[in-house]
Amino acid sequence: MIHRKWITPGLYGFLFILLFFFFGSRSATTHERLKSDPLGDSGRVIVVYDGDTIKVRFDDGREHKARLIGIDAPEIGDERDEVRFLAYMAKRFAFFYLYHKRIKIEYDWERADKYGRLLVYVWAEEVGLFNEFILREGYASAFTKFPFKEEYRKRFVTAERQARNLEKGLWKREPLLAIAAKDAFDYVGELLSVKFLCVDVRTWGNFMFLNSSGDFSAVIPRAQISLFTQISTLEGRVISVRGFLETYKGKPQILVFLPLQLHIGE
């Protein structure tokens, strides 16, 4: 441990340069290695970081973080709650379609970026080219700042424009479609609002569940619970929750990350 009183301004600068070259050289080495590494073209998605970044376990057992080419999803680290909400929804969309799914990988002229992430097109059995699919469904924007295959560039721009025109996904205008909890199974995979009577509130594992009288639940990750100051008063109340409707073990649910996703009362 370095005691602060021994760190002079000059030493601060020396340490910064040392750390920069250490981590910078590691990143550069990773980047150079991945440019020529004979990675396979198939694997399984084991982590979804956000709407445009995943981790893949290739068939040979190696694991790599990968950035999807030609798309840009909102940032979860944004300070604005509404942007963070959109970012979480893009992540849940990608999770819904990619997590633990086998995929095919296609590369472009550059295999990796300066951060050591693979740059990829992802092909999934159910949806085809996922980079295009997430744009077509409205959960990301086309990112054309850097060059990539012209055929795909045109397709991606068109997919985003169509999603905007049809107000799909994150382009939907408020208020979102509102449904009753009993109808949730019919709308899995949609961004909407579910209204239900919260019959009980319970914690299980790393989540807190706001349960309806049927199968539907609003689910708050433990890391977010401190953001919600009215949880103890929710039992017996009518709640509307907005978010991406998905399933867990065959039951419909919406993950709740921010207070703005919940509305209490009729």
# chains A, B, ... in the order shown; residues from 1 in each chain; ligands from 1

call {"tool": "residues_around", "arguments": {"residues": "Phe93 in chain A", "least_positions_apart": "2", "cutoff": "12 Å", "atoms": "only C-alpha atoms", "output": "JSON, numbers by chain"}}
result
{"A": [48, 49, 50, 51, 52, 73, 86, 87, 88, 89, 90, 91, 95, 96, 97, 98, 99, 130, 133, 134, 135, 137, 138, 139, 140, 169, 170, 188, 189, 190, 191, 243, 244, 245, 246, 247, 254, 255]}

call {"tool": "write_last_selection", "arguments": {"atoms": "C-alpha atoms", "output": "PDB file, in the first residue's frame"}}
result
ATOM      1  CA  VAL A  48     -25.152  -9.808 -22.441  1.00  0.00           C
ATOM      2  CA  TYR A  49     -23.604  -6.543 -21.257  1.00  0.00           C
ATOM      3  CA  ASP A  50     -25.989  -4.221 -23.078  1.00  0.00           C
ATOM      4  CA  GLY A  51     -27.804  -3.922 -26.380  1.00  0.00           C
ATOM      5  CA  ASP A  52     -24.656  -3.974 -28.498  1.00  0.00           C
ATOM      6  CA  ALA A  73     -27.659   1.055 -28.102  1.00  0.00           C
ATOM      7  CA  LEU A  86     -33.981   2.746 -22.705  1.00  0.00           C
ATOM      8  CA  ALA A  87     -30.540   1.167 -22.232  1.00  0.00           C
ATOM      9  CA  TYR A  88     -31.926  -1.464 -19.859  1.00  0.00           C
ATOM     10  CA  MET A  89     -34.713  -2.251 -22.305  1.00  0.00           C
ATOM     11  CA  ALA A  90     -32.224  -2.702 -25.156  1.00  0.00           C
ATOM     12  CA  LYS A  91     -30.201  -5.013 -22.925  1.00  0.00           C
ATOM     13  CA  PHE A  95     -30.783 -10.980 -23.526  1.00  0.00           C
ATOM     14  CA  PHE A  96     -34.183 -12.351 -24.544  1.00  0.00           C
ATOM     15  CA  TYR A  97     -32.968 -13.332 -28.004  1.00  0.00           C
ATOM     16  CA  LEU A  98     -29.288 -14.158 -27.449  1.00  0.00           C
ATOM     17  CA  TYR A  99     -28.510 -15.345 -23.919  1.00  0.00           C
ATOM     18  CA  PHE A 130     -29.189 -10.017 -35.086  1.00  0.00           C
ATOM     19  CA  PHE A 133     -32.956  -7.566 -36.267  1.00  0.00           C
ATOM     20  CA  ILE A 134     -32.396  -5.347 -33.195  1.00  0.00           C
ATOM     21  CA  LEU A 135     -32.528  -2.295 -35.484  1.00  0.00           C
ATOM     22  CA  GLU A 137     -37.381  -4.028 -33.859  1.00  0.00           C
ATOM     23  CA  GLY A 138     -36.341  -0.566 -32.672  1.00  0.00           C
ATOM     24  CA  TYR A 139     -33.948  -1.304 -29.797  1.00  0.00           C
ATOM     25  CA  ALA A 140     -30.811   0.285 -31.260  1.00  0.00           C
ATOM     26  CA  GLY A 169     -39.290  -0.693 -29.651  1.00  0.00           C
ATOM     27  CA  LEU A 170     -37.573   2.323 -28.116  1.00  0.00           C
ATOM     28  CA  VAL A 188     -44.101 -11.634 -24.432  1.00  0.00           C
ATOM     29  CA  GLY A 189     -41.270  -9.847 -26.233  1.00  0.00           C
ATOM     30  CA  GLU A 190     -43.021  -6.464 -26.234  1.00  0.00           C
ATOM     31  CA  LEU A 191     -42.250  -3.130 -24.572  1.00  0.00           C
ATOM     32  CA  GLY A 243     -40.745  -2.475 -19.416  1.00  0.00           C
ATOM     33  CA  PHE A 244     -39.775  -5.355 -21.668  1.00  0.00           C
ATOM     34  CA  LEU A 245     -42.040  -8.346 -21.089  1.00  0.00           C
ATOM     35  CA  GLU A 246     -40.094 -11.603 -20.962  1.00  0.00           C
ATOM     36  CA  THR A 247     -40.388 -14.991 -19.300  1.00  0.00           C
ATOM     37  CA  ILE A 254     -40.786  -7.421 -16.274  1.00  0.00           C
ATOM     38  CA  LEU A 255     -37.454  -6.545 -14.694  1.00  0.00           C
TER      39      LEU A 255
END

call {"tool": "residues_around", "arguments": {"residues": "Lys182 in chain A", "least_positions_apart": "6", "cutoff": "12 Å", "atoms": "only C-alpha atoms", "output": "NGL selection string"}}
result
:A and (194-197 or 212-217 or 251-253)

call {"tool": "select_by_dssp", "arguments": {"residues": "range 174-222 of chain A", "states": "strand (DSSP E or B)", "output": "ChimeraX atom specification"}}
result
/A:178-180,191-197,200-204,207-211,217-221

call {"tool": "residues_around", "arguments": {"residues": "Ser226 in chain A", "least_positions_apart": "3", "cutoff": "12 Å", "atoms": "only C-alpha atoms", "output": "mmCIF file with N, CA and C atoms, in the first residue's frame"}}
result
data_model
loop_
_atom_site.group_PDB
_atom_site.id
_atom_site.type_symbol
_atom_site.label_atom_id
_atom_site.label_comp_id
_atom_site.auth_asym_id
_atom_site.auth_seq_id
_atom_site.Cartn_x
_atom_site.Cartn_y
_atom_site.Cartn_z
ATOM 1 N N MET A 208 -36.240 -9.138 -5.721
ATOM 2 C CA MET A 208 -37.478 -8.908 -4.991
ATOM 3 C C MET A 208 -38.626 -9.011 -5.992
ATOM 4 N N ILE A 220 -37.448 -6.843 -9.148
ATOM 5 C CA ILE A 220 -36.429 -5.829 -8.891
ATOM 6 C C ILE A 220 -35.127 -6.514 -8.482
ATOM 7 N N PRO A 221 -34.034 -6.330 -9.233
ATOM 8 C CA PRO A 221 -32.744 -6.893 -8.815
ATOM 9 C C PRO A 221 -32.316 -6.303 -7.474
ATOM 10 N N ARG A 222 -31.669 -7.115 -6.653
ATOM 11 C CA ARG A 222 -31.283 -6.674 -5.319
ATOM 12 C C ARG A 222 -30.456 -5.386 -5.354
ATOM 13 N N ALA A 223 -29.592 -5.245 -6.360
ATOM 14 C CA ALA A 223 -28.733 -4.064 -6.447
ATOM 15 C C ALA A 223 -29.530 -2.778 -6.627
ATOM 16 N N THR A 229 -38.303 3.464 -2.483
ATOM 17 C CA THR A 229 -38.573 3.804 -1.085
ATOM 18 C C THR A 229 -39.959 3.379 -0.613
ATOM 19 N N GLN A 230 -40.813 2.899 -1.520
ATOM 20 C CA GLN A 230 -42.194 2.574 -1.137
ATOM 21 C C GLN A 230 -42.506 1.086 -1.202
ATOM 22 N N ILE A 231 -41.491 0.250 -1.265
ATOM 23 C CA ILE A 231 -41.727 -1.176 -1.442
ATOM 24 C C ILE A 231 -42.613 -1.755 -0.349
ATOM 25 N N SER A 232 -42.397 -1.333 0.888
ATOM 26 C CA SER A 232 -43.156 -1.900 2.012
ATOM 27 C C SER A 232 -44.643 -1.578 1.932
ATOM 28 N N PHE A 257 -35.660 -1.723 -12.996
ATOM 29 C CA PHE A 257 -34.361 -1.193 -12.606
ATOM 30 C C PHE A 257 -34.441 0.209 -12.030
ATOM 31 N N LEU A 258 -35.512 0.934 -12.370
ATOM 32 C CA LEU A 258 -35.632 2.339 -11.991
ATOM 33 C C LEU A 258 -37.040 2.631 -11.478
ATOM 34 N N PRO A 259 -37.173 3.541 -10.494
ATOM 35 C CA PRO A 259 -38.493 3.882 -9.978
ATOM 36 C C PRO A 259 -39.467 4.371 -11.039
#

call {"tool": "residues_around", "arguments": {"residues": "Glu235 in chain A", "least_positions_apart": "5", "cutoff": "8 Å", "atoms": "only C-alpha atoms", "output": "list of chain:residue names"}}
result
A:Cys198, A:Val199, A:Asp200, A:Val201, A:Leu210

call {"tool": "residues_around", "arguments": {"residues": "Thr158 in chain A", "least_positions_apart": "3", "cutoff": "10 Å", "atoms": "only C-alpha atoms", "output": "list in words"}}
result
Glu132, Leu135, Arg136, Ala142, Tyr152, Arg153, Lys154, Arg155, Arg161, Gln162, Ala163 and Arg164 of chain A

call {"tool": "select_by_dssp", "arguments": {"residues": "range 26-237 of chain A", "states": "alpha helix (DSSP H)", "output": "PyMOL selection string"}}
result
chain A and resi 26-36+81-98+130-136+150-166

call {"tool": "write_last_selection", "arguments": {"atoms": "N, CA and C atoms", "output": "compact mmCIF listing (two decimals), in the first residue's frame"}}
result
# COMPACT_ATOMS: atom_id res chain seq x y z
N ARG A 26 -1.14 -3.87 -22.73
CA ARG A 26 -1.93 -5.10 -22.67
C ARG A 26 -3.07 -5.05 -23.68
N SER A 27 -3.75 -3.87 -23.75
CA SER A 27 -4.85 -3.72 -24.70
C SER A 27 -4.36 -3.83 -26.13
N ALA A 28 -3.20 -3.18 -26.40
CA ALA A 28 -2.65 -3.22 -27.75
C ALA A 28 -2.26 -4.64 -28.13
N THR A 29 -1.66 -5.37 -27.16
CA THR A 29 -1.27 -6.75 -27.43
C THR A 29 -2.49 -7.60 -27.75
N THR A 30 -3.56 -7.42 -26.97
CA THR A 30 -4.80 -8.17 -27.21
C THR A 30 -5.36 -7.84 -28.58
N HIS A 31 -5.31 -6.55 -28.91
CA HIS A 31 -5.83 -6.10 -30.21
C HIS A 31 -5.06 -6.74 -31.35
N GLU A 32 -3.73 -6.72 -31.26
CA GLU A 32 -2.90 -7.30 -32.33
C GLU A 32 -3.11 -8.81 -32.44
N ARG A 33 -3.23 -9.48 -31.28
CA ARG A 33 -3.41 -10.92 -31.30
C ARG A 33 -4.74 -11.30 -31.93
N LEU A 34 -5.80 -10.57 -31.58
CA LEU A 34 -7.12 -10.92 -32.10
C LEU A 34 -7.24 -10.65 -33.60
N LYS A 35 -6.42 -9.73 -34.11
CA LYS A 35 -6.50 -9.43 -35.54
C LYS A 35 -6.12 -10.64 -36.39
N SER A 36 -5.24 -11.49 -35.84
CA SER A 36 -4.78 -12.63 -36.63
C SER A 36 -5.14 -13.98 -35.99
N ASP A 81 -32.14 9.28 -16.22
CA ASP A 81 -32.92 8.07 -15.94
C ASP A 81 -33.65 7.55 -17.18
N GLU A 82 -34.20 8.45 -17.99
CA GLU A 82 -34.94 8.00 -19.16
C GLU A 82 -34.03 7.29 -20.17
N VAL A 83 -32.80 7.79 -20.31
CA VAL A 83 -31.85 7.13 -21.21
C VAL A 83 -31.43 5.79 -20.62
N ARG A 84 -31.22 5.75 -19.32
CA ARG A 84 -30.86 4.48 -18.68
C ARG A 84 -31.99 3.47 -18.82
N PHE A 85 -33.22 3.93 -18.73
CA PHE A 85 -34.36 3.04 -18.93
C PHE A 85 -34.31 2.42 -20.32
N LEU A 86 -34.08 3.25 -21.34
CA LEU A 86 -33.98 2.75 -22.71
C LEU A 86 -32.82 1.75 -22.84
N ALA A 87 -31.71 2.05 -22.17
CA ALA A 87 -30.54 1.17 -22.23
C ALA A 87 -30.85 -0.20 -21.62
N TYR A 88 -31.54 -0.19 -20.49
CA TYR A 88 -31.93 -1.46 -19.86
C TYR A 88 -32.88 -2.25 -20.76
N MET A 89 -33.77 -1.55 -21.43
CA MET A 89 -34.71 -2.25 -22.30
C MET A 89 -34.00 -2.86 -23.51
N ALA A 90 -33.02 -2.15 -24.05
CA ALA A 90 -32.22 -2.70 -25.16
C ALA A 90 -31.45 -3.93 -24.69
N LYS A 91 -30.92 -3.86 -23.48
CA LYS A 91 -30.20 -5.01 -22.92
C LYS A 91 -31.13 -6.20 -22.74
N ARG A 92 -32.35 -5.96 -22.20
CA ARG A 92 -33.27 -7.08 -21.99
C ARG A 92 -33.70 -7.69 -23.34
N PHE A 93 -33.85 -6.85 -24.35
CA PHE A 93 -34.19 -7.35 -25.68
C PHE A 93 -33.09 -8.28 -26.18
N ALA A 94 -31.84 -7.83 -26.10
CA ALA A 94 -30.72 -8.65 -26.55
C ALA A 94 -30.61 -9.93 -25.72
N PHE A 95 -30.83 -9.81 -24.41
CA PHE A 95 -30.78 -10.98 -23.53
C PHE A 95 -31.85 -11.99 -23.93
N PHE A 96 -33.04 -11.50 -24.20
CA PHE A 96 -34.18 -12.35 -24.54
C PHE A 96 -33.89 -13.21 -25.77
N TYR A 97 -33.20 -12.62 -26.75
CA TYR A 97 -32.97 -13.33 -28.00
C TYR A 97 -31.61 -14.02 -28.10
N LEU A 98 -30.63 -13.63 -27.27
CA LEU A 98 -29.29 -14.16 -27.45
C LEU A 98 -28.73 -14.98 -26.29
N PHE A 130 -28.67 -10.73 -36.26
CA PHE A 130 -29.19 -10.02 -35.09
C PHE A 130 -28.90 -8.52 -35.15
N ASN A 131 -27.75 -8.13 -35.70
CA ASN A 131 -27.44 -6.70 -35.82
C ASN A 131 -28.57 -5.97 -36.54
N GLU A 132 -29.09 -6.58 -37.59
CA GLU A 132 -30.19 -5.99 -38.35
C GLU A 132 -31.51 -6.14 -37.60
N PHE A 133 -31.70 -7.28 -36.97
CA PHE A 133 -32.96 -7.57 -36.27
C PHE A 133 -33.21 -6.58 -35.14
N ILE A 134 -32.19 -6.26 -34.32
CA ILE A 134 -32.40 -5.35 -33.20
C ILE A 134 -32.72 -3.94 -33.70
N LEU A 135 -32.19 -3.58 -34.87
CA LEU A 135 -32.53 -2.29 -35.48
C LEU A 135 -33.96 -2.31 -36.00
N ARG A 136 -34.33 -3.40 -36.65
CA ARG A 136 -35.67 -3.51 -37.22
C ARG A 136 -36.75 -3.49 -36.15
N GLU A 150 -20.80 -2.58 -47.18
CA GLU A 150 -21.77 -1.64 -47.73
C GLU A 150 -23.17 -2.24 -47.80
N GLU A 151 -23.26 -3.52 -48.12
CA GLU A 151 -24.58 -4.17 -48.18
C GLU A 151 -25.27 -4.09 -46.82
N TYR A 152 -24.53 -4.40 -45.77
CA TYR A 152 -25.10 -4.38 -44.43
C TYR A 152 -25.40 -2.94 -43.98
N ARG A 153 -24.51 -2.02 -44.34
CA ARG A 153 -24.74 -0.62 -43.96
C ARG A 153 -26.08 -0.14 -44.49
N LYS A 154 -26.38 -0.41 -45.74
CA LYS A 154 -27.65 0.00 -46.33
C LYS A 154 -28.82 -0.69 -45.63
N ARG A 155 -28.66 -1.97 -45.35
CA ARG A 155 -29.74 -2.71 -44.68
C ARG A 155 -29.99 -2.17 -43.28
N PHE A 156 -28.91 -1.81 -42.57
CA PHE A 156 -29.05 -1.34 -41.19
C PHE A 156 -29.73 0.03 -41.15
N VAL A 157 -29.33 0.92 -42.05
CA VAL A 157 -29.95 2.25 -42.11
C VAL A 157 -31.43 2.12 -42.43
N THR A 158 -31.76 1.24 -43.36
CA THR A 158 -33.16 1.02 -43.73
C THR A 158 -33.94 0.44 -42.56
N ALA A 159 -33.35 -0.51 -41.85
CA ALA A 159 -34.03 -1.14 -40.71
C ALA A 159 -34.35 -0.13 -39.62
N GLU A 160 -33.40 0.77 -39.33
CA GLU A 160 -33.66 1.79 -38.32
C GLU A 160 -34.76 2.75 -38.76
N ARG A 161 -34.71 3.17 -40.04
CA ARG A 161 -35.71 4.10 -40.54
C ARG A 161 -37.11 3.49 -40.47
N GLN A 162 -37.22 2.23 -40.81
CA GLN A 162 -38.53 1.57 -40.74
C GLN A 162 -39.04 1.47 -39.31
N ALA A 163 -38.12 1.15 -38.37
CA ALA A 163 -38.52 1.05 -36.97
C ALA A 163 -39.00 2.40 -36.44
N ARG A 164 -38.30 3.46 -36.83
CA ARG A 164 -38.71 4.81 -36.41
C ARG A 164 -40.10 5.14 -36.97
N ASN A 165 -40.30 4.87 -38.25
CA ASN A 165 -41.57 5.20 -38.89
C ASN A 165 -42.73 4.42 -38.28
N LEU A 166 -42.46 3.17 -37.90
CA LEU A 166 -43.50 2.32 -37.32
C LEU A 166 -43.60 2.47 -35.80

call {"tool": "atom_distance", "arguments": {"atom1": "CA of Phe185 in chain A", "atom2": "CA of Leu68 in chain A"}}
result
29.9 Å
